[in-house]
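Asks: One file is attached below, entry-v3.tsv, containing TSV, C-alpha atoms and all ligand atoms.
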chain	number	residue	atom	x	y	z
B	63	MET	CA	3.21	117.89	116.39
B	64	GLN	CA	6.99	117.51	116.77
B	65	PRO	CA	8.17	114.59	118.91
B	66	ILE	CA	9.37	115.52	122.37
B	67	GLN	CA	11.67	112.51	122.69
B	68	HIS	CA	14.00	110.94	120.17
B	69	PHE	CA	15.33	107.47	119.45
B	70	ALA	CA	18.67	108.39	117.89
B	71	SER	CA	20.78	107.67	120.95
B	72	ASP	CA	20.42	106.90	124.62
B	73	ASN	CA	22.72	109.92	125.04
B	74	TYR	CA	19.87	112.22	124.03
B	75	ALA	CA	18.33	111.72	127.49
B	76	GLY	CA	19.03	114.09	130.34
B	77	VAL	CA	20.43	113.23	133.75
B	78	CYS	CA	18.26	110.93	135.88
B	79	PRO	CA	16.93	112.53	139.07
B	80	GLU	CA	18.88	110.19	141.37
B	81	ALA	CA	22.22	111.06	139.76
B	82	LEU	CA	21.37	114.74	139.70
B	83	ALA	CA	20.47	114.73	143.41
B	84	ALA	CA	23.77	113.02	144.23
B	85	PHE	CA	25.63	115.53	142.05
B	86	VAL	CA	24.02	118.46	143.86
B	87	ALA	CA	24.62	116.86	147.27
B	88	ALA	CA	28.33	116.64	146.47
B	89	ASN	CA	28.41	120.40	145.97
B	90	ALA	CA	28.89	121.10	149.66
B	91	GLY	CA	31.97	122.94	150.83
B	92	HIS	CA	35.53	122.11	149.95
B	93	ALA	CA	36.86	118.64	149.21
B	94	PRO	CA	40.25	117.30	148.17
B	95	ALA	CA	40.82	117.33	144.40
B	96	TYR	CA	41.98	114.72	141.85
B	97	GLY	CA	40.06	111.79	143.32
B	98	GLU	CA	41.19	112.07	146.92
B	99	ASP	CA	37.65	112.93	148.03
B	100	GLU	CA	35.11	110.97	150.07
B	101	TRP	CA	32.63	110.52	147.18
B	102	THR	CA	35.16	108.90	144.91
B	103	ARG	CA	36.28	106.56	147.69
B	104	LYS	CA	32.67	105.64	148.50
B	105	VAL	CA	31.69	104.95	144.90
B	106	SER	CA	34.79	102.84	144.36
B	107	ASP	CA	33.87	100.82	147.45
B	108	ARG	CA	30.28	100.48	146.21
B	109	LEU	CA	31.52	99.17	142.89
B	110	ARG	CA	33.76	96.65	144.68
B	111	GLU	CA	30.67	95.49	146.61
B	112	LEU	CA	28.60	95.35	143.43
B	113	PHE	CA	31.20	93.22	141.65
B	114	GLU	CA	31.91	91.18	144.80
B	115	THR	CA	35.66	91.51	144.34
B	116	ASP	CA	38.57	93.74	145.21
B	117	CYS	CA	38.84	95.53	141.86
B	118	ASP	CA	40.59	98.81	141.00
B	119	VAL	CA	38.30	101.60	139.85
B	120	TYR	CA	39.02	104.79	137.87
B	121	PHE	CA	36.67	107.44	136.54
B	122	VAL	CA	37.08	109.10	133.14
B	123	PHE	CA	34.94	111.49	131.17
B	124	ASN	CA	33.70	109.32	128.33
B	125	GLY	CA	33.59	105.90	126.74
B	126	THR	CA	36.18	106.56	124.06
B	127	ALA	CA	38.74	107.46	126.70
B	128	ALA	CA	37.74	104.53	128.90
B	129	ASN	CA	38.16	102.02	126.07
B	130	SER	CA	41.28	103.61	124.62
B	131	LEU	CA	43.13	103.91	127.91
B	132	ALA	CA	42.04	100.48	129.15
B	133	LEU	CA	43.21	98.84	125.92
B	134	ALA	CA	46.43	100.85	125.99
B	135	SER	CA	47.13	99.53	129.48
B	136	LEU	CA	46.88	95.94	128.17
B	137	CYS	CA	49.07	96.40	125.11
B	138	GLN	CA	52.51	97.29	123.91
B	139	SER	CA	52.63	99.28	120.67
B	140	TYR	CA	53.38	96.15	118.61
B	141	HIS	CA	50.34	94.25	119.95
B	142	SER	CA	46.90	93.85	118.41
B	143	VAL	CA	43.34	93.81	119.70
B	144	VAL	CA	40.69	91.49	118.26
B	145	CYS	CA	37.32	93.21	118.05
B	146	HIS	CA	34.03	92.68	116.25
B	147	GLU	CA	33.91	94.52	112.93
B	148	LEU	CA	31.00	96.62	114.24
B	149	ALA	CA	32.70	97.42	117.55
B	150	HIS	CA	32.63	101.03	118.67
B	151	VAL	CA	36.42	100.91	119.21
B	152	GLU	CA	36.78	100.09	115.51
B	153	THR	CA	34.09	102.26	113.96
B	154	ASP	CA	33.47	105.22	116.25
B	155	GLU	CA	36.52	106.17	118.29
B	156	CYS	CA	38.50	108.02	115.64
B	157	GLY	CA	41.50	105.74	116.12
B	158	GLY	CA	41.62	106.49	119.86
B	159	PRO	CA	42.66	102.97	120.92
B	160	GLU	CA	45.51	102.96	118.39
B	161	PHE	CA	46.53	106.50	119.31
B	162	PHE	CA	46.64	105.97	123.07
B	163	SER	CA	48.43	102.64	122.73
B	164	ASN	CA	51.03	104.16	120.40
B	165	GLY	CA	49.89	102.00	117.52
B	166	SER	CA	48.43	98.71	118.76
B	167	LYS	CA	46.38	97.54	115.81
B	168	LEU	CA	42.71	96.60	115.92
B	169	LEU	CA	41.93	93.35	114.10
B	170	PRO	CA	38.24	93.26	113.15
B	171	ALA	CA	36.52	89.87	113.15
B	172	HIS	CA	33.17	88.72	111.79
B	173	GLY	CA	30.41	87.32	113.95
B	174	ALA	CA	26.65	86.94	113.65
B	175	GLN	CA	24.40	89.29	115.62
B	176	GLY	CA	27.25	91.60	116.58
B	177	LYS	CA	29.03	88.94	118.64
B	178	LEU	CA	32.46	87.39	118.52
B	179	THR	CA	32.84	83.67	119.06
B	180	PRO	CA	35.92	81.57	119.89
B	181	ALA	CA	35.98	80.54	116.24
B	182	SER	CA	35.95	84.11	114.94
B	183	VAL	CA	38.71	85.08	117.37
B	184	LEU	CA	40.76	82.06	116.36
B	185	GLU	CA	40.28	82.83	112.68
B	186	VAL	CA	41.91	86.25	113.18
B	187	ILE	CA	44.73	85.29	115.53
B	188	SER	CA	45.79	82.20	113.62
B	189	ARG	CA	46.01	83.93	110.24
B	190	ARG	CA	49.65	84.65	110.86
B	191	SER	CA	52.28	84.10	113.52
B	192	ASP	CA	55.26	85.74	111.90
B	193	ILE	CA	57.19	88.78	113.03
B	194	HIS	CA	55.46	91.01	110.46
B	195	TYR	CA	51.97	90.64	111.97
B	196	PRO	CA	51.03	92.61	115.14
B	197	LYS	CA	51.06	90.17	118.03
B	198	PRO	CA	47.50	89.44	119.27
B	199	ARG	CA	47.18	90.49	122.89
B	200	VAL	CA	43.56	91.37	123.70
B	201	VAL	CA	40.02	90.39	122.80
B	202	THR	CA	37.47	93.14	123.29
B	203	LEU	CA	33.75	92.37	123.64
B	204	THR	CA	30.94	94.89	123.65
B	205	GLN	CA	28.20	94.18	126.17
B	206	SER	CA	25.43	94.93	125.14
B	207	THR	CA	26.62	94.70	121.54
B	208	GLU	CA	26.39	97.45	118.95
B	209	VAL	CA	23.30	95.74	117.49
B	210	GLY	CA	21.46	95.36	120.77
B	211	THR	CA	22.19	91.71	121.42
B	212	VAL	CA	23.69	90.39	124.65
B	213	TYR	CA	26.48	87.89	125.34
B	214	ARG	CA	25.39	85.09	127.70
B	215	PRO	CA	27.83	84.20	130.53
B	216	ALA	CA	28.70	80.92	128.77
B	217	GLU	CA	29.53	82.81	125.56
B	218	VAL	CA	31.90	85.15	127.38
B	219	ALA	CA	33.43	82.21	129.25
B	220	ALA	CA	34.10	80.37	125.99
B	221	ILE	CA	35.77	83.41	124.41
B	222	SER	CA	37.82	84.02	127.57
B	223	ALA	CA	38.96	80.40	127.65
B	224	CYS	CA	40.07	80.69	124.04
B	225	ALA	CA	41.79	84.01	124.83
B	226	ARG	CA	43.65	82.54	127.84
B	227	GLU	CA	44.79	79.58	125.82
B	228	HIS	CA	46.41	81.95	123.33
B	229	GLY	CA	47.82	84.44	125.82
B	230	LEU	CA	45.20	87.13	125.25
B	231	ARG	CA	43.54	89.41	127.80
B	232	VAL	CA	39.81	90.17	127.79
B	233	HIS	CA	38.41	93.69	127.73
B	234	MET	CA	34.70	94.50	127.87
B	235	ASP	CA	33.23	97.71	126.45
B	236	GLY	CA	30.28	98.06	128.78
B	237	ALA	CA	28.85	101.33	127.52
B	238	ARG	CA	25.50	99.52	127.90
B	239	PHE	CA	26.58	97.03	130.54
B	240	ALA	CA	23.57	97.95	132.69
B	241	ASN	CA	21.16	96.99	129.91
B	242	ALA	CA	22.92	93.66	129.50
B	243	VAL	CA	22.79	92.89	133.23
B	244	ALA	CA	19.12	93.86	133.32
B	245	SER	CA	18.43	91.68	130.31
B	246	LEU	CA	20.32	88.64	131.56
B	247	GLY	CA	19.15	88.88	135.16
B	248	VAL	CA	22.58	87.85	136.45
B	249	ALA	CA	24.88	89.33	139.09
B	250	PRO	CA	27.47	91.68	137.54
B	251	ALA	CA	30.26	89.31	138.68
B	252	GLU	CA	28.70	86.44	136.71
B	253	ILE	CA	29.15	88.22	133.40
B	254	THR	CA	32.56	89.78	134.09
B	255	TRP	CA	35.48	88.48	136.15
B	256	LYS	CA	33.88	85.13	136.92
B	257	VAL	CA	33.85	84.44	133.18
B	258	GLY	CA	37.32	85.80	132.53
B	259	VAL	CA	36.91	89.54	131.89
B	260	ASP	CA	40.06	91.40	132.98
B	261	VAL	CA	38.89	94.98	132.50
B	262	LEU	CA	35.41	96.45	132.16
B	263	CYS	CA	34.56	99.93	130.93
B	264	PHE	CA	31.31	100.43	132.82
B	265	GLY	CA	29.19	103.02	131.04
B	266	GLY	CA	27.63	105.71	133.20
B	267	THR	CA	26.39	108.24	130.68
B	268	LYS	CA	23.89	105.96	128.97
B	269	MET	CA	22.58	104.88	132.38
B	270	GLY	CA	21.53	108.44	133.21
B	271	LEU	CA	24.68	110.08	134.58
B	272	PRO	CA	25.60	113.56	133.35
B	273	VAL	CA	29.02	112.37	132.22
B	274	GLY	CA	31.58	109.72	132.98
B	275	GLU	CA	32.45	106.03	132.84
B	276	ALA	CA	34.17	103.77	135.35
B	277	VAL	CA	37.15	101.68	134.30
B	278	VAL	CA	37.10	98.57	136.47
B	279	PHE	CA	40.22	96.41	136.60
B	280	PHE	CA	39.43	92.93	137.90
B	281	ASP	CA	43.04	91.91	137.42
B	282	ARG	CA	44.61	94.65	139.50
B	283	ARG	CA	48.08	94.04	138.10
B	284	LEU	CA	46.86	95.55	134.83
B	285	SER	CA	46.02	98.90	136.40
B	286	GLU	CA	49.61	99.72	137.22
B	287	ASP	CA	50.27	103.36	136.33
B	288	PHE	CA	46.73	103.73	134.94
B	289	ALA	CA	46.36	106.97	136.89
B	290	TYR	CA	49.27	108.41	134.90
B	291	ARG	CA	47.57	107.41	131.63
B	292	CYS	CA	44.44	109.25	132.74
B	293	LYS	CA	46.38	112.34	133.71
B	294	GLN	CA	48.48	112.42	130.54
B	295	SER	CA	45.43	112.08	128.31
B	296	GLY	CA	43.51	114.84	130.06
B	297	GLN	CA	41.13	112.40	131.73
B	298	LEU	CA	42.00	113.07	135.36
B	299	ALA	CA	39.17	115.28	136.63
B	300	SER	CA	40.44	117.83	139.12
B	301	LYS	CA	36.99	118.15	140.73
B	302	MET	CA	36.62	114.37	140.61
B	303	ARG	CA	33.78	114.33	143.14
B	304	PHE	CA	31.41	115.60	140.44
B	305	LEU	CA	32.34	112.73	138.15
B	306	SER	CA	32.04	110.09	140.86
B	307	ALA	CA	29.22	111.32	143.11
B	308	PRO	CA	26.39	110.78	140.57
B	309	TRP	CA	27.23	107.07	140.67
B	310	LEU	CA	26.21	107.02	144.33
B	311	GLY	CA	22.72	108.10	143.32
B	312	ILE	CA	22.24	105.27	140.83
B	313	LEU	CA	24.02	102.51	142.74
B	314	GLU	CA	21.65	103.09	145.68
B	315	ASP	CA	18.64	100.71	145.74
B	316	GLU	CA	19.58	99.28	142.33
B	317	VAL	CA	18.40	102.44	140.60
B	318	TRP	CA	20.78	101.69	137.69
B	319	LEU	CA	19.07	98.36	137.10
B	320	LYS	CA	15.62	99.87	137.39
B	321	HIS	CA	16.45	102.43	134.69
B	322	ALA	CA	18.08	99.81	132.46
B	323	ARG	CA	15.08	97.48	132.82
B	324	HIS	CA	12.81	100.34	131.86
B	325	ALA	CA	14.86	101.18	128.74
B	326	ASN	CA	14.87	97.50	127.75
B	327	ALA	CA	11.10	97.27	128.29
B	328	MET	CA	10.56	100.29	126.04
B	329	ALA	CA	12.63	98.59	123.34
B	330	GLN	CA	10.42	95.50	123.67
B	331	ARG	CA	7.30	97.64	123.37
B	332	LEU	CA	8.67	99.25	120.22
B	333	ALA	CA	9.76	95.93	118.74
B	334	SER	CA	6.36	94.33	119.37
B	335	GLY	CA	4.67	97.24	117.61
B	336	LEU	CA	7.05	97.20	114.66
B	337	MET	CA	6.50	93.48	114.15
B	338	GLN	CA	2.87	94.26	113.30
B	339	VAL	CA	3.77	96.80	110.60
B	340	PRO	CA	3.70	95.52	107.01
B	341	GLY	CA	7.12	95.99	105.39
B	342	ALA	CA	8.99	96.26	108.69
B	343	ARG	CA	11.55	93.60	109.58
B	344	LEU	CA	13.54	93.37	112.80
B	345	MET	CA	17.21	92.87	111.92
B	346	PHE	CA	18.45	91.47	115.25
B	347	PRO	CA	16.92	89.94	118.35
B	348	VAL	CA	15.94	92.75	120.72
B	349	GLU	CA	17.80	91.88	123.92
B	350	SER	CA	18.65	95.27	125.39
B	351	ASN	CA	17.56	98.85	124.72
B	352	GLY	CA	18.09	99.08	120.97
B	353	VAL	CA	15.78	98.09	118.13
B	354	PHE	CA	17.16	97.65	114.61
B	355	CYS	CA	14.52	97.50	111.94
B	356	GLU	CA	14.42	97.52	108.16
B	357	LEU	CA	11.79	99.91	106.87
B	358	PRO	CA	10.95	101.09	103.35
B	359	PRO	CA	12.87	104.26	102.36
B	360	ALA	CA	9.60	106.21	102.11
B	361	VAL	CA	8.82	105.38	105.73
B	362	LEU	CA	12.29	106.44	106.89
B	363	ASP	CA	12.02	109.70	104.97
B	364	GLY	CA	8.53	110.28	106.28
B	365	LEU	CA	9.64	109.75	109.87
B	366	ARG	CA	12.44	112.27	109.42
B	367	ALA	CA	10.02	114.74	107.89
B	368	ARG	CA	7.82	114.35	110.96
B	369	GLY	CA	10.77	115.28	113.15
B	370	TRP	CA	11.92	111.88	114.40
B	371	ARG	CA	15.63	111.35	114.82
B	372	PHE	CA	17.27	107.94	114.51
B	373	TYR	CA	20.41	106.48	112.97
B	374	THR	CA	20.66	104.40	109.79
B	375	PHE	CA	24.19	103.06	109.85
B	376	ILE	CA	23.66	99.31	109.66
B	377	GLY	CA	22.49	97.55	106.55
B	378	ALA	CA	20.39	98.97	103.72
B	379	GLY	CA	17.17	100.47	104.99
B	380	GLY	CA	18.01	99.67	108.60
B	381	ALA	CA	17.05	102.13	111.30
B	382	ARG	CA	18.38	102.07	114.87
B	383	PHE	CA	15.95	103.15	117.55
B	384	MET	CA	17.50	103.49	121.01
B	385	CYS	CA	15.49	103.72	124.20
B	386	GLY	CA	16.78	105.34	127.36
B	387	TRP	CA	16.05	105.52	131.06
B	388	ASP	CA	13.51	108.27	130.41
B	389	THR	CA	11.76	106.95	127.28
B	390	LEU	CA	8.03	107.35	127.75
B	391	PRO	CA	5.60	104.66	126.61
B	392	ALA	CA	3.69	107.51	124.94
B	393	SER	CA	6.77	108.38	122.88
B	394	VAL	CA	7.11	104.78	121.72
B	395	ASP	CA	3.43	104.72	120.83
B	396	ALA	CA	3.67	108.03	118.97
B	397	LEU	CA	6.61	106.73	116.93
B	398	LEU	CA	4.71	103.53	116.17
B	399	ALA	CA	1.64	105.47	115.12
B	400	ASP	CA	3.75	107.46	112.63
B	401	VAL	CA	5.42	104.29	111.30
B	402	ARG	CA	2.01	102.68	110.81
B	403	ALA	CA	0.57	105.76	109.11
B	404	LEU	CA	3.56	106.03	106.75
B	405	ALA	CA	3.61	102.31	105.98
B	406	GLY	CA	0.02	102.71	104.84
W	1	LIG	C1	29.37	100.56	122.34
W	1	LIG	C2	29.85	101.90	122.76
W	1	LIG	N1	31.02	102.02	123.38
W	1	LIG	C3	31.46	103.20	123.85
W	1	LIG	C4	30.71	104.35	123.68
W	1	LIG	C5	31.18	105.61	124.34
W	1	LIG	O1	31.44	106.64	123.52
W	1	LIG	P1	31.66	108.14	123.99
W	1	LIG	O2	33.10	108.41	123.84
W	1	LIG	O3	30.81	108.91	123.05
W	1	LIG	O4	31.23	108.28	125.42
W	1	LIG	C6	29.50	104.29	122.99
W	1	LIG	C7	28.72	105.50	122.73
W	1	LIG	O5	27.92	105.61	121.85
W	1	LIG	C8	29.06	103.03	122.53
W	1	LIG	O6	27.88	102.91	121.88
What is this file in structure tokens?
Replies:
Amino acid sequence: MQPIQHFASDNYAGVCPEALAAFVAANAGHAPAYGEDEWTRKVSDRLRELFETDCDVYFVFNGTAANSLALASLCQSYHSVVCHELAHVETDECGGPEFFSNGSKLLPAHGAQGKLTPASVLEVISRRSDIHYPKPRVVTLTQSTEVGTVYRPAEVAAISACAREHGLRVHMDGARFANAVASLGVAPAEITWKVGVDVLCFGGTKMGLPVGEAVVFFDRRLSEDFAYRCKQSGQLASKMRFLSAPWLGILEDEVWLKHARHANAMAQRLASGLMQVPGARLMFPVESNGVFCELPPAVLDGLRARGWRFYTFIGAGGARFMCGWDTLPASVDALLADVRALAG
């Protein structure tokens, strides 16, 4: 039997019912265009409440645009951005951050378990200080990281302190911010502006929205003219209410956290099962909704032959299994049963 759910990406999931209901509810009559509507105002206010601060909020269509435009707003063309070598901005955005910033260079840094540290940031920014090197201006952190780990508030605070000391701003790629908050059990403010984050790209799509991410500026001075950047890059939705309204559905009653907790719990279920399989080795601590596991090539091939989809882009023999808001325990168990059968 072919699997009915996949573990390749949390983007394989559909729209969660709460977001869909809010989307449909917004489809009533006429409303002002380009973000002047009631829904967009309400969601922005809800996000200010959630983050317990008077931040500036913008909605764009996807994470690449959110990251690229946010970073562009922090940089001049001769600046550079320190990122982890596995960061999505470095590996999966087709040069978007460089393009939208007119050339600001990404400077990849090492770091265990997908995380930067003050030392790894320092190593990159103190390599050179001459006129020929792009001037370091930003540190970008991914929360949750590309390998499913999560920065603790103290870790972000330490990196921010180091950044401040060297005149750098702090950007957070929060494509899976919800999973990190669910995992840490902290208030969103505790892992963002209170520990020095200037701008957060808050992922909506992976939380169950049909489309769209929120760019949240905690330092409002940095959002100057951001609306023009969105417009120029084709990211200003004319019918903005349909980009913003779904957020209302998930921000109500902490639905976003409920879905993120569920996805994280499914990853734990999968990880526990994999740990029992001979020849399987977890590559990173499972702290959010992704499980990275080394499996023998025959098992990986066998899984593919049985119809399972997953990525293998980290390490030799490493598979990434992502869980989403809709992942069923039965799907996890079916995947585990096939892994066990193939591992013999
Ligand atoms: C860490 C991270 N950042 C950002 C994104 C957003 O990318 P997209 O432009 O596909 O929405 C993703 C999506 O996979 C991601 O994993």
Asks: May I ask which of the residues B:Ser188, B:Asn129, B:Ser163, B:Ser295 is the closest one to B:Leu262, counting all atoms listed in the file?
Replies: B:Asn129
Asks: How would you write, as a ChimeraX atom specification, the set of residues no farther than 10 Å from ligand LIG 1 (chain W) when counting only C-alpha atoms and all ligand atoms?
Replies: /B:71-73,122-130,148-156,158,203-210,234-239,263-268,273-275
Asks: Dump as JSON lines the rows for residues of stretch 94-146 of chain B within 12 Å of stretch 307-325 of chain B: closest atom pair and distance in Å with one decimal, all atoms listed in the file counted, ordered by chain and rising residue number.
Replies:
{"residue": "B:Gly97", "atom": "CA", "partner": "B:Ala307", "partner_atom": "CA", "distance": 10.9}
{"residue": "B:Asp99", "atom": "CA", "partner": "B:Ala307", "partner_atom": "CA", "distance": 9.9}
{"residue": "B:Glu100", "atom": "CA", "partner": "B:Ala307", "partner_atom": "CA", "distance": 9.1}
{"residue": "B:Trp101", "atom": "CA", "partner": "B:Ala307", "partner_atom": "CA", "distance": 5.4}
{"residue": "B:Thr102", "atom": "CA", "partner": "B:Ala307", "partner_atom": "CA", "distance": 6.7}
{"residue": "B:Arg103", "atom": "CA", "partner": "B:Ala307", "partner_atom": "CA", "distance": 9.7}
{"residue": "B:Lys104", "atom": "CA", "partner": "B:Leu310", "partner_atom": "CA", "distance": 7.8}
{"residue": "B:Val105", "atom": "CA", "partner": "B:Leu310", "partner_atom": "CA", "distance": 5.9}
{"residue": "B:Ser106", "atom": "CA", "partner": "B:Trp309", "partner_atom": "CA", "distance": 9.4}
{"residue": "B:Asp107", "atom": "CA", "partner": "B:Leu310", "partner_atom": "CA", "distance": 10.3}
{"residue": "B:Arg108", "atom": "CA", "partner": "B:Leu313", "partner_atom": "CA", "distance": 7.4}
{"residue": "B:Leu109", "atom": "CA", "partner": "B:Leu313", "partner_atom": "CA", "distance": 8.2}
{"residue": "B:Arg110", "atom": "CA", "partner": "B:Leu313", "partner_atom": "CA", "distance": 11.5}
{"residue": "B:Glu111", "atom": "CA", "partner": "B:Leu313", "partner_atom": "CA", "distance": 10.4}
{"residue": "B:Leu112", "atom": "CA", "partner": "B:Leu313", "partner_atom": "CA", "distance": 8.5}
{"residue": "B:Phe113", "atom": "CA", "partner": "B:Leu313", "partner_atom": "CA", "distance": 11.8}
{"residue": "B:Phe121", "atom": "CA", "partner": "B:Trp309", "partner_atom": "CA", "distance": 10.3}
Asks: Leaving out B:Ser142 and any residue of its chain fewer than 2 positions from it, which residues lie within 9 Å of it when counting all atoms listed in the file, given as a ChimeraX atom specification?
Replies: /B:137-140,144,165-169,195-201
Asks: Could you take the residues named above and write them with C-alpha atoms, as a PDB file, keeping the file's coordinate frame?
Replies:
ATOM      1  CA  CYS B 137      49.070  96.400 125.110  1.00  0.00           C
ATOM      2  CA  GLN B 138      52.510  97.290 123.910  1.00  0.00           C
ATOM      3  CA  SER B 139      52.630  99.280 120.670  1.00  0.00           C
ATOM      4  CA  TYR B 140      53.380  96.150 118.610  1.00  0.00           C
ATOM      5  CA  VAL B 144      40.690  91.490 118.260  1.00  0.00           C
ATOM      6  CA  GLY B 165      49.890 102.000 117.520  1.00  0.00           C
ATOM      7  CA  SER B 166      48.430  98.710 118.760  1.00  0.00           C
ATOM      8  CA  LYS B 167      46.380  97.540 115.810  1.00  0.00           C
ATOM      9  CA  LEU B 168      42.710  96.600 115.920  1.00  0.00           C
ATOM     10  CA  LEU B 169      41.930  93.350 114.100  1.00  0.00           C
ATOM     11  CA  TYR B 195      51.970  90.640 111.970  1.00  0.00           C
ATOM     12  CA  PRO B 196      51.030  92.610 115.140  1.00  0.00           C
ATOM     13  CA  LYS B 197      51.060  90.170 118.030  1.00  0.00           C
ATOM     14  CA  PRO B 198      47.500  89.440 119.270  1.00  0.00           C
ATOM     15  CA  ARG B 199      47.180  90.490 122.890  1.00  0.00           C
ATOM     16  CA  VAL B 200      43.560  91.370 123.700  1.00  0.00           C
ATOM     17  CA  VAL B 201      40.020  90.390 122.800  1.00  0.00           C
TER      18      VAL B 201
END
Asks: For B:Met328, find every residue with an atom within 8 Å (counting only C-alpha atoms), except residues of its own chain fewer than 6 positions away, and show them as a list of chain:residue names.
Replies: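 Surrounding residues, per the criterion: B:Asn351, B:Cys385, B:Thr389, B:Leu390, B:Pro391, B:Val394.
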Asks: Within 10 Å of B:Thr254, counting only C-alpha atoms, which residues qualify if same-chain residues fewer than 6 places away don't, as an MDAnalysis selection string?
Replies: chainID B and resid 113 215 218:219 232:234 260:262 280
Asks: Write out as a list in words which residues come within 9 Å of B:Leu365 when counting all atoms listed in the file, dropping same-chain ones fewer than 4 positions away.
Replies: Ala360, Val361, Gly369, Trp370, Arg371, Leu397, Asp400, Val401 and Leu404 of chain B
Asks: Go ahead and compute the interatomic distance for atom CA of B:His146 and atom CA of B:Ala171, in Å to one decimal.
Replies: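 Computing the Euclidean distance for atom CA of B:His146 and atom CA of B:Ala171 yields 4.9 Å.
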Asks: Hey, can you check how far atom CA of B:Ala327 sits from atom CA of B:Gly380?
Replies: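 Taking atom CA of B:Ala327 as the start and atom CA of B:Gly380 as the end point, the length is 21.0 Å.
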Asks: Considering all atoms listed in the file, return as a ChimeraX atom specification whatever protein or nucleic-acid residues lie within 9 Å of B:Ser245, sequence-local ones (same chain, fewer than 4 positions apart) excluded.
Replies: /B:212,240-241,322-323,326,349-350
Asks: Keeping only C-alpha atoms, take the residues you just selected and write them out as an mmCIF file, in the coordinates of the input.
Replies:
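Everything below was put into selection.cif:
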data_model
loop_
_atom_site.group_PDB
_atom_site.id
_atom_site.type_symbol
_atom_site.label_atom_id
_atom_site.label_comp_id
_atom_site.auth_asym_id
_atom_site.auth_seq_id
_atom_site.Cartn_x
_atom_site.Cartn_y
_atom_site.Cartn_z
ATOM 1 C CA VAL B 212 23.690 90.390 124.650
ATOM 2 C CA ALA B 240 23.570 97.950 132.690
ATOM 3 C CA ASN B 241 21.160 96.990 129.910
ATOM 4 C CA ALA B 322 18.080 99.810 132.460
ATOM 5 C CA ARG B 323 15.080 97.480 132.820
ATOM 6 C CA ASN B 326 14.870 97.500 127.750
ATOM 7 C CA GLU B 349 17.800 91.880 123.920
ATOM 8 C CA SER B 350 18.650 95.270 125.390
#
Asks: Nearest to B:Phe279: which of B:Leu136, B:Ala88, B:Gly352, B:Arg382 is it, counting all atoms listed in the file?
Replies: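 Checking each candidate against B:Phe279, we get B:Leu136 as the closest.
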Asks: Have a look at atom CA of B:Ile187 and atom CA of B:Glu227 and let me know their distance in Å, one decimal.
Replies: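 Those two atoms sit 11.8 Å apart.
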Asks: Which of these, B:Gly364, B:Arg283, B:Gly270, B:Leu398, has the shortest distance to B:Ala81 once you count all atoms listed in the file?
Replies: B:Gly270
Asks: For a quick check of understanding, using all atoms listed in the file, which of B:Ala90, B:Ala95, B:Leu271, B:Ala396 has the smallest distance to B:Gly76?
Replies: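 Ranked by minimum distance to B:Gly76, first place goes to B:Leu271.
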Asks: Using all atoms listed in the file for the distances, tell me which of B:Val277, B:Ala403, B:Val259, B:Leu344 is nearest to B:Arg226.
Replies: B:Val259
Asks: For each of B:Pro359, B:Pro180, B:Gly341, B:Gly247, take the minimum atom-to-atom distance to B:Ala223, counting only C-alpha atoms, then give the residue where this is smallest.
Replies: B:Pro180
